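K.L.:
Quick one: structure below, then a few questions.
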Amino acid sequence: MDEHNRSRESVAARERAWPLRAADETRRLDVAVYSTIAATPTPSLDRALSRLSHAANYSRLSIASAAVLSLTAGPRGRYAATVGLSSIAVTSAVLNLGVKQIVRRRRPDRVKNEVPLLRQVPMPSSASFPSGHSAAAFAFATGVGQVLPAAGFPLRALAALVGYSRVHTGVHYPGDVLAGALLGGALAQVTARALERSHVLERAGVGRFNIAHIR
């Protein structure tokens with residue numbers, strides 16, 4: 001009977017330990033992928049990706065895209081830009097005031113992983129998890145896509161490139177980018193629905209907002 005109880009306790013202990021083991025294995029896999037990317041020579045891509053990563057600072061690419069939409073796509077384009085930029089604002093607040101303060105993951109060690117100097121950009125001082133660049137880029141793309149689905153596709157492709165560029169330049173682990181993309185996309189959907197339910201457009205005589213009303 002005692003042996004049976006010990007066996008049950010052993011199984012229960014293993015079950016309780018599984019989340020910790022899975023988290024450790026996921027972390028090691030994350031670091032391994034980062035190291036593999038750092039060790040893979042890509043001289044033809046290095047400068048282009050570092051420039052892309054730099055251009056995405058302060059959501060400059062998203063702001064430029066919002067300006068293009070506002071000027072070329074009429075009222076729907078202006079509303080899509082509003083939703084996209086609002087999604088960035090909400091996402092940045094959640095990340096910088098919440099998630100990054102709780103999950104204090106250290107930035108990767110580019111010296112230890114021998115990330116080529118040609119591809120490097122300045123290392124941010126904030127926590128590594130999640131990637132703010134990825135979160136903001138996917139938040140904007142998802143927000144715009146809620147209003148203009150056709151515009152959402154190329155913007156998501158650009159967001160994916162921005163996210164990869166943060167790993168390629170050595171400032172984020174892949175897991176940081178994936179988490180940022182998921183968080184940004186989710187918060188953008190919440191933001192878009194909140195704006196749709198709001199009475200922001202009542203002052204313009206539209207009444208309760210419905211995307212279908214904007215042509």
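The chains in the structure tokens are called A, B, ... from first to last as shown; in each chain the residues are counted from 1, and the ligands are counted from 1 in the order shown.
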Taking 2 positions as the minimum chain separation for residues in the same chain, which residues sit within 8 Å of A:Leu148 when counting only C-alpha atoms? Answer as JSON, numbers by chain.

P.N.:
{"A": [76, 77, 80, 144, 145, 146, 150, 151, 152]}

K.L.:
Can you pull out the residues contacting A:Leu187? Cut-off 7 Å, using only C-alpha atoms, and skip same-chain residues under 3 positions away; I want them as a list in words.

P.N.:
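So, after excluding close chain neighbours, the residues are Ser87, Thr91, Ala139, Leu183, Gly184, Val190 and Thr191 of chain A.
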
K.L.:
Among stretch 66-195 of chain A, which ones does DSSP assign to helix (DSSP H, G or I) (computed from the backbone)? Answer as a VMD selection string.

P.N.:
chain A and resid 66 to 72 74 to 102 117 to 119 132 to 147 149 to 168 174 to 195

K.L.:
Could you pull the residues within 12 Å of A:Ala127, counting only C-alpha atoms, minus those fewer than 3 positions along the same chain, as a PDB file with C-alpha atoms, in the first residue's frame?

P.N.:
```pdb
ATOM      1  CA  LEU A  95       3.420  46.606 -23.008  1.00  0.00           C
ATOM      2  CA  ASN A  96       5.424  49.410 -21.453  1.00  0.00           C
ATOM      3  CA  LEU A  97       3.309  49.967 -18.342  1.00  0.00           C
ATOM      4  CA  GLY A  98       2.325  46.358 -17.783  1.00  0.00           C
ATOM      5  CA  VAL A  99       3.931  43.359 -19.448  1.00  0.00           C
ATOM      6  CA  LYS A 100       7.514  44.617 -19.648  1.00  0.00           C
ATOM      7  CA  GLN A 101       7.371  45.647 -15.984  1.00  0.00           C
ATOM      8  CA  ILE A 102       6.247  42.168 -14.957  1.00  0.00           C
ATOM      9  CA  VAL A 103       8.337  39.988 -17.289  1.00  0.00           C
ATOM     10  CA  ARG A 104      11.844  41.379 -16.914  1.00  0.00           C
ATOM     11  CA  ARG A 105      13.591  39.226 -19.506  1.00  0.00           C
ATOM     12  CA  ARG A 106      17.132  40.312 -20.259  1.00  0.00           C
ATOM     13  CA  ARG A 107      18.182  41.212 -23.774  1.00  0.00           C
ATOM     14  CA  PRO A 108      20.233  38.696 -25.751  1.00  0.00           C
ATOM     15  CA  MET A 123      20.467  47.680 -28.121  1.00  0.00           C
ATOM     16  CA  PRO A 124      17.403  49.058 -26.288  1.00  0.00           C
ATOM     17  CA  PRO A 130       7.789  41.022 -25.620  1.00  0.00           C
ATOM     18  CA  SER A 131       9.050  42.848 -28.706  1.00  0.00           C
ATOM     19  CA  GLY A 132       7.563  46.341 -28.810  1.00  0.00           C
ATOM     20  CA  VAL A 171      18.044  42.687 -30.036  1.00  0.00           C
ATOM     21  CA  HIS A 172      15.269  40.111 -29.464  1.00  0.00           C
ATOM     22  CA  TYR A 173      14.752  36.396 -29.139  1.00  0.00           C
ATOM     23  CA  ASP A 176       9.803  37.926 -27.873  1.00  0.00           C
TER      24      ASP A 176
END
```

K.L.:
Find the residues near A:Ala64: any atom within 12 Å, counting only C-alpha atoms, skip ones fewer than 6 places away on the same chain, and give them as a list in words.

P.N.:
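These residues fall inside the cut-off: Ala55, Ala56, Tyr58, Ser70, Leu71, Ala81, Gly84, Leu85, Phe140 and Leu155 of chain A.
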
K.L.:
Hey, can you spit out that residue selection with C-alpha atoms as a PDB file, in the first residue's frame?

P.N.:
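The resulting file, part.pdb, is reproduced below:
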```
ATOM      1  CA  ALA A  55      13.063  52.596 -39.804  1.00  0.00           C
ATOM      2  CA  ALA A  56      10.471  50.900 -37.593  1.00  0.00           C
ATOM      3  CA  TYR A  58       8.797  54.875 -32.909  1.00  0.00           C
ATOM      4  CA  SER A  70      -5.676  58.837 -45.080  1.00  0.00           C
ATOM      5  CA  LEU A  71      -4.715  60.572 -48.316  1.00  0.00           C
ATOM      6  CA  ALA A  81      -5.635  54.807 -40.038  1.00  0.00           C
ATOM      7  CA  GLY A  84      -4.457  51.351 -36.589  1.00  0.00           C
ATOM      8  CA  LEU A  85      -2.817  54.220 -34.713  1.00  0.00           C
ATOM      9  CA  PHE A 140      -1.365  48.612 -36.670  1.00  0.00           C
ATOM     10  CA  LEU A 155       0.847  45.508 -43.647  1.00  0.00           C
TER      11      LEU A 155
END
```

K.L.:
Compile the contact shell of A:Leu45 as a JSON list (two decimals) with N, CA and C atoms, in the first residue's frame: residues with an atom at most 10 Å away, counting only C-alpha atoms, same-chain residues fewer than 6 positions apart removed.

P.N.:
```json
[["chain", "number", "residue", "atom", "x", "y", "z"],
["A", 118, "LEU", "N", 27.75, 44.18, -38.83],
["A", 118, "LEU", "CA", 27.08, 44.82, -39.95],
["A", 118, "LEU", "C", 25.57, 44.84, -39.77],
["A", 119, "ARG", "N", 25.03, 43.85, -39.07],
["A", 119, "ARG", "CA", 23.58, 43.77, -38.93],
["A", 119, "ARG", "C", 23.06, 44.40, -37.64],
["A", 165, "SER", "N", 13.39, 41.20, -38.36],
["A", 165, "SER", "CA", 14.57, 42.07, -38.33],
["A", 165, "SER", "C", 15.07, 42.29, -36.91],
["A", 168, "HIS", "N", 17.11, 39.24, -36.26],
["A", 168, "HIS", "CA", 18.28, 39.25, -37.13],
["A", 168, "HIS", "C", 19.34, 40.23, -36.64]]
```

K.L.:
Restricting the calculation to only C-alpha atoms, which member of A:Ser128, A:Thr82, A:Ser44, A:Ser50 is positioned closest to A:Asp109?

P.N.:
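For A:Asp109, the nearest of the candidates is A:Ser128.
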
K.L.:
Could you tell me which of A:Pro174, A:Gly180, A:Pro19, A:Gly185 comes closest to A:Thr36 if we count only C-alpha atoms?

P.N.:
A:Pro174

K.L.:
Pick out the closest residue to A:Pro154 from this set: A:Thr42, A:Ser134, A:Thr142, A:Asn57. Count only C-alpha atoms.

P.N.:
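Smallest separation from A:Pro154 among the options: A:Thr142.
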
K.L.:
One decimal, Å: what's the distance from atom CA of A:Leu158 over to atom CA of A:Arg51, could you say?

P.N.:
13.4 Å

K.L.:
Neighbours of A:Pro116 within 9 Å (only C-alpha atoms; same-chain residues fewer than 3 positions away dropped), as number ranges by chain?

P.N.:
A: 38-39, 41, 46, 110, 119-120, 169-170

K.L.:
Store the residues picked out above, limited to C-alpha atoms, as an mmCIF file, in the first residue's frame.

P.N.:
```
data_model
loop_
_atom_site.group_PDB
_atom_site.id
_atom_site.type_symbol
_atom_site.label_atom_id
_atom_site.label_comp_id
_atom_site.auth_asym_id
_atom_site.auth_seq_id
_atom_site.Cartn_x
_atom_site.Cartn_y
_atom_site.Cartn_z
ATOM 1 C CA ALA A 38 23.201 34.802 -35.388
ATOM 2 C CA ALA A 39 25.629 32.161 -36.676
ATOM 3 C CA PRO A 41 26.112 34.375 -42.589
ATOM 4 C CA ASP A 46 22.266 42.299 -43.068
ATOM 5 C CA ARG A 110 25.135 39.693 -28.945
ATOM 6 C CA ARG A 119 23.579 43.771 -38.934
ATOM 7 C CA GLN A 120 23.504 45.323 -35.465
ATOM 8 C CA THR A 169 19.835 42.369 -35.637
ATOM 9 C CA GLY A 170 20.223 40.581 -32.324
#
```

K.L.:
Atom CA of A:Phe138 and atom CA of A:Glu25 are how many Å apart?

P.N.:
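Value for the atom CA of A:Phe138-atom CA of A:Glu25 distance: 26.8 Å.
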
K.L.:
From the set A:Ala179, A:Leu29, A:Val167, A:Ala141, which residue has the shortest atom-to-atom contact distance to A:Val121, counting only C-alpha atoms?

P.N.:
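Selected residue with least distance to A:Val121: A:Val167.
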
K.L.:
What is the atom CA of A:Gly163-atom CA of A:Arg21 distance in Å, reported with one decimal?

P.N.:
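Atom CA of A:Arg21 lies at a distance of 27.2 Å from atom CA of A:Gly163.
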
K.L.:
In terms of the shortest atom-to-atom distance over only C-alpha atoms, which of A:Val147, A:Leu49, A:Ile88, A:Val111 is closest to A:Ser35?

P.N.:
A:Val111

K.L.:
Measuring between only C-alpha atoms, which one of A:Val177, A:Ala157, A:Val94, A:Val83 shows the shortest distance to A:Phe129?

P.N.:
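Using only C-alpha atoms, the shortest distance to A:Phe129 belongs to A:Val177.
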